[in-house]
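Working notes, beginning with the structure itself.
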Amino acid sequence: MGVSGPIRVVVAKPGLDGHDRGAKVIARALRDAGMEVIYTGLHQTPEQIVDTAIQEDADAIGMSILSGAHNTLFAKVLDLLREREAEDIKVFGGGIIPEDDIAPLKARGVAEIFTPGAPTTEIVEWVRTHVRSVSA
């Protein structure tokens, strides 16, 4: 895994939720910041998201979840990454995620959760700072 070139982020909309404006805003902000963004489109399964991330040699997966299924979806993506020995791919997310669910998600391995209203600059900065581990 080389550390050269732009940070590569898969931006995904898992599940049945049809609202992708937030995901597109994040994708554009990351792209404007010089990152390579692979946007998966709507209604992706955790399997499709992980497949894409591995095929694209992504550094991170950003998931936008507004459907309330965040606990299940994040857990499944993290489990699949582990199974496929790709847990060096950082997983972060945002959307409508209750405050009480954030600590347990992080304990499971989600690197960061952004709540609605988080400025795109903050997300870009977080990705820049945290996504490429120096040990890669």
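Following the order of the structure tokens, chains are lettered A, B, ..., residues in each are numbered from 1, and ligands are numbered from 1.
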
Handout entry: Who sits within 12 Å of stretch 40-57 of chain A, only C-alpha atoms, same chain under 2 positions skipped, as JSON, numbers by chain
Key = {"A": [1, 2, 3, 5, 6, 7, 8, 9, 10, 11, 12, 13, 14, 15, 16, 17, 18, 19, 20, 21, 22, 23, 24, 27, 36, 37, 38, 59, 60, 61, 62, 63, 64, 65, 66, 67, 69, 70, 72, 73, 74, 75, 76, 77, 78, 79, 80, 81, 82, 83, 84, 85, 86, 87, 88, 89, 90, 91]}

Residues as selected, C-alpha atoms, written as a PDB file, in the first residue's frame, can you do that?
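Okay, this is what ended up in part_16.pdb:
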ATOM      1  CA  MET A   1       0.000   0.000   0.000  1.00  0.00           C
ATOM      2  CA  GLY A   2       1.700   3.166  -1.165  1.00  0.00           C
ATOM      3  CA  VAL A   3       1.192   6.466   0.545  1.00  0.00           C
ATOM      4  CA  GLY A   5      -1.075  10.064  -4.606  1.00  0.00           C
ATOM      5  CA  PRO A   6      -4.301  11.513  -3.337  1.00  0.00           C
ATOM      6  CA  ILE A   7      -6.306  10.039  -0.489  1.00  0.00           C
ATOM      7  CA  ARG A   8      -8.991   7.761  -1.977  1.00  0.00           C
ATOM      8  CA  VAL A   9     -12.406   7.775  -0.322  1.00  0.00           C
ATOM      9  CA  VAL A  10     -15.447   5.689  -1.181  1.00  0.00           C
ATOM     10  CA  VAL A  11     -18.592   7.682  -0.353  1.00  0.00           C
ATOM     11  CA  ALA A  12     -21.538   5.334   0.064  1.00  0.00           C
ATOM     12  CA  LYS A  13     -25.269   5.450   0.691  1.00  0.00           C
ATOM     13  CA  PRO A  14     -26.178   2.068   2.127  1.00  0.00           C
ATOM     14  CA  GLY A  15     -29.660   0.745   2.653  1.00  0.00           C
ATOM     15  CA  LEU A  16     -33.007   1.952   1.448  1.00  0.00           C
ATOM     16  CA  ASP A  17     -32.605   5.617   2.220  1.00  0.00           C
ATOM     17  CA  GLY A  18     -33.081   7.686  -0.939  1.00  0.00           C
ATOM     18  CA  HIS A  19     -31.615  10.996   0.195  1.00  0.00           C
ATOM     19  CA  ASP A  20     -28.165  11.535  -1.214  1.00  0.00           C
ATOM     20  CA  ARG A  21     -27.735  15.295  -1.127  1.00  0.00           C
ATOM     21  CA  GLY A  22     -25.516  15.132   1.966  1.00  0.00           C
ATOM     22  CA  ALA A  23     -23.381  12.371   0.465  1.00  0.00           C
ATOM     23  CA  LYS A  24     -22.945  14.362  -2.740  1.00  0.00           C
ATOM     24  CA  ALA A  27     -18.095  13.859  -2.087  1.00  0.00           C
ATOM     25  CA  GLU A  36     -10.116  10.952  -5.199  1.00  0.00           C
ATOM     26  CA  VAL A  37     -13.730  10.156  -4.464  1.00  0.00           C
ATOM     27  CA  ILE A  38     -15.616   7.110  -5.644  1.00  0.00           C
ATOM     28  CA  ASP A  59      -8.057   4.588   2.123  1.00  0.00           C
ATOM     29  CA  ALA A  60     -11.448   5.216   3.678  1.00  0.00           C
ATOM     30  CA  ILE A  61     -15.183   4.603   3.406  1.00  0.00           C
ATOM     31  CA  GLY A  62     -17.554   7.430   4.271  1.00  0.00           C
ATOM     32  CA  MET A  63     -21.138   6.292   4.791  1.00  0.00           C
ATOM     33  CA  SER A  64     -24.130   8.570   4.901  1.00  0.00           C
ATOM     34  CA  ILE A  65     -27.014   6.989   6.783  1.00  0.00           C
ATOM     35  CA  LEU A  66     -30.331   8.667   7.452  1.00  0.00           C
ATOM     36  CA  SER A  67     -32.486   5.551   7.663  1.00  0.00           C
ATOM     37  CA  ALA A  69     -30.131   1.385  10.315  1.00  0.00           C
ATOM     38  CA  HIS A  70     -26.690   2.790  11.149  1.00  0.00           C
ATOM     39  CA  THR A  72     -26.440  -2.701  11.600  1.00  0.00           C
ATOM     40  CA  LEU A  73     -24.896  -1.163   8.484  1.00  0.00           C
ATOM     41  CA  PHE A  74     -21.695   0.085  10.118  1.00  0.00           C
ATOM     42  CA  ALA A  75     -21.249  -3.235  11.962  1.00  0.00           C
ATOM     43  CA  LYS A  76     -21.677  -5.219   8.740  1.00  0.00           C
ATOM     44  CA  VAL A  77     -19.187  -3.083   6.798  1.00  0.00           C
ATOM     45  CA  LEU A  78     -16.628  -3.347   9.624  1.00  0.00           C
ATOM     46  CA  ASP A  79     -17.119  -7.136   9.846  1.00  0.00           C
ATOM     47  CA  LEU A  80     -16.686  -7.543   6.077  1.00  0.00           C
ATOM     48  CA  LEU A  81     -13.509  -5.427   6.078  1.00  0.00           C
ATOM     49  CA  ARG A  82     -12.150  -7.604   8.885  1.00  0.00           C
ATOM     50  CA  GLU A  83     -13.077 -10.825   7.053  1.00  0.00           C
ATOM     51  CA  ARG A  84     -11.325  -9.594   3.929  1.00  0.00           C
ATOM     52  CA  GLU A  85      -8.265  -8.412   5.869  1.00  0.00           C
ATOM     53  CA  ALA A  86      -8.873  -4.841   4.797  1.00  0.00           C
ATOM     54  CA  GLU A  87      -9.427  -3.255   8.182  1.00  0.00           C
ATOM     55  CA  ASP A  88      -6.768  -0.677   7.380  1.00  0.00           C
ATOM     56  CA  ILE A  89      -9.557   1.043   5.398  1.00  0.00           C
ATOM     57  CA  LYS A  90     -10.951   3.615   7.835  1.00  0.00           C
ATOM     58  CA  VAL A  91     -14.729   3.846   8.147  1.00  0.00           C
TER      59      VAL A  91
END

Exercise for the section: as a ChimeraX atom specification, list the residues of chain A assigned to strand (DSSP E) by DSSP on the backbone atoms of this structure. Expected result: /A:8-12,36-39,60-65,90-95,112-114

Okay, now the selection with N, CA and C atoms, as a compact mmCIF listing (two decimals), in the first residue's frame?
# COMPACT_ATOMS: atom_id res chain seq x y z
N ARG A 8 -7.85 8.31 -1.23
CA ARG A 8 -8.99 7.76 -1.98
C ARG A 8 -10.11 7.40 -1.00
N VAL A 9 -11.28 7.98 -1.23
CA VAL A 9 -12.41 7.78 -0.32
C VAL A 9 -13.61 7.26 -1.11
N VAL A 10 -14.19 6.17 -0.63
CA VAL A 10 -15.45 5.69 -1.18
C VAL A 10 -16.56 6.34 -0.36
N VAL A 11 -17.44 7.07 -1.03
CA VAL A 11 -18.59 7.68 -0.35
C VAL A 11 -19.81 6.83 -0.72
N ALA A 12 -20.49 6.32 0.30
CA ALA A 12 -21.54 5.33 0.06
C ALA A 12 -22.83 5.69 0.76
N GLU A 36 -9.39 11.72 -4.19
CA GLU A 36 -10.12 10.95 -5.20
C GLU A 36 -11.33 10.36 -4.52
N VAL A 37 -12.50 10.62 -5.08
CA VAL A 37 -13.73 10.16 -4.46
C VAL A 37 -14.43 9.20 -5.41
N ILE A 38 -14.82 8.06 -4.88
CA ILE A 38 -15.62 7.11 -5.64
C ILE A 38 -16.99 7.13 -4.99
N TYR A 39 -17.98 7.66 -5.70
CA TYR A 39 -19.33 7.73 -5.13
C TYR A 39 -20.12 6.54 -5.64
N ALA A 60 -10.36 5.03 2.73
CA ALA A 60 -11.45 5.22 3.68
C ALA A 60 -12.79 4.99 3.00
N ILE A 61 -13.79 4.70 3.85
CA ILE A 61 -15.18 4.60 3.41
C ILE A 61 -15.97 5.60 4.25
N GLY A 62 -16.67 6.50 3.57
CA GLY A 62 -17.55 7.43 4.27
C GLY A 62 -18.99 7.04 3.97
N MET A 63 -19.76 6.72 5.00
CA MET A 63 -21.14 6.29 4.79
C MET A 63 -22.10 7.34 5.32
N SER A 64 -23.09 7.63 4.50
CA SER A 64 -24.13 8.57 4.90
C SER A 64 -25.39 7.77 5.17
N ILE A 65 -25.87 7.82 6.40
CA ILE A 65 -27.01 6.99 6.78
C ILE A 65 -28.06 7.84 7.49
N LYS A 90 -10.22 2.94 6.74
CA LYS A 90 -10.95 3.61 7.83
C LYS A 90 -12.41 3.82 7.44
N VAL A 91 -13.30 3.66 8.39
CA VAL A 91 -14.73 3.85 8.15
C VAL A 91 -15.20 5.04 8.97
N PHE A 92 -15.82 5.99 8.30
CA PHE A 92 -16.42 7.12 9.02
C PHE A 92 -17.81 7.33 8.46
N GLY A 93 -18.59 8.15 9.12
CA GLY A 93 -19.94 8.31 8.62
C GLY A 93 -20.62 9.52 9.19
N GLY A 94 -21.80 9.73 8.67
CA GLY A 94 -22.60 10.83 9.13
C GLY A 94 -24.04 10.59 8.79
N GLY A 95 -24.85 11.51 9.24
CA GLY A 95 -26.28 11.38 9.00
C GLY A 95 -27.01 11.59 10.29
N GLU A 112 -14.99 7.83 12.93
CA GLU A 112 -15.59 9.11 13.30
C GLU A 112 -17.03 9.17 12.82
N ILE A 113 -17.84 9.91 13.55
CA ILE A 113 -19.24 10.14 13.18
C ILE A 113 -19.46 11.64 13.13
N PHE A 114 -20.03 12.10 12.03
CA PHE A 114 -20.37 13.52 11.89
C PHE A 114 -21.88 13.65 11.94

Handout entry: Backbone-only DSSP, helix (DSSP H, G or I) members of chain A, as a PyMOL selection string
Key = chain A and resi 21-32+46-55+70-83+99-108+120-130

Handout entry: From A:Leu30, A:Asn71, A:Glu122, A:His130, residue lying nearest A:Ala103 [only C-alpha atoms]
Key =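 Distance minimum relative to A:Ala103 lands on A:Asn71.
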
Fill in the blank from the handout: Computed gap from atom CA of A:Thr115 to atom CA of A:Glu99 is 8.6 Å

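Around A:Val124, within 9 Å and counting only C-alpha atoms, the residues found are A:Ile26, A:Ala29, A:Leu30, A:Ala33, once anything fewer than 6 positions away on its own chain is removed.
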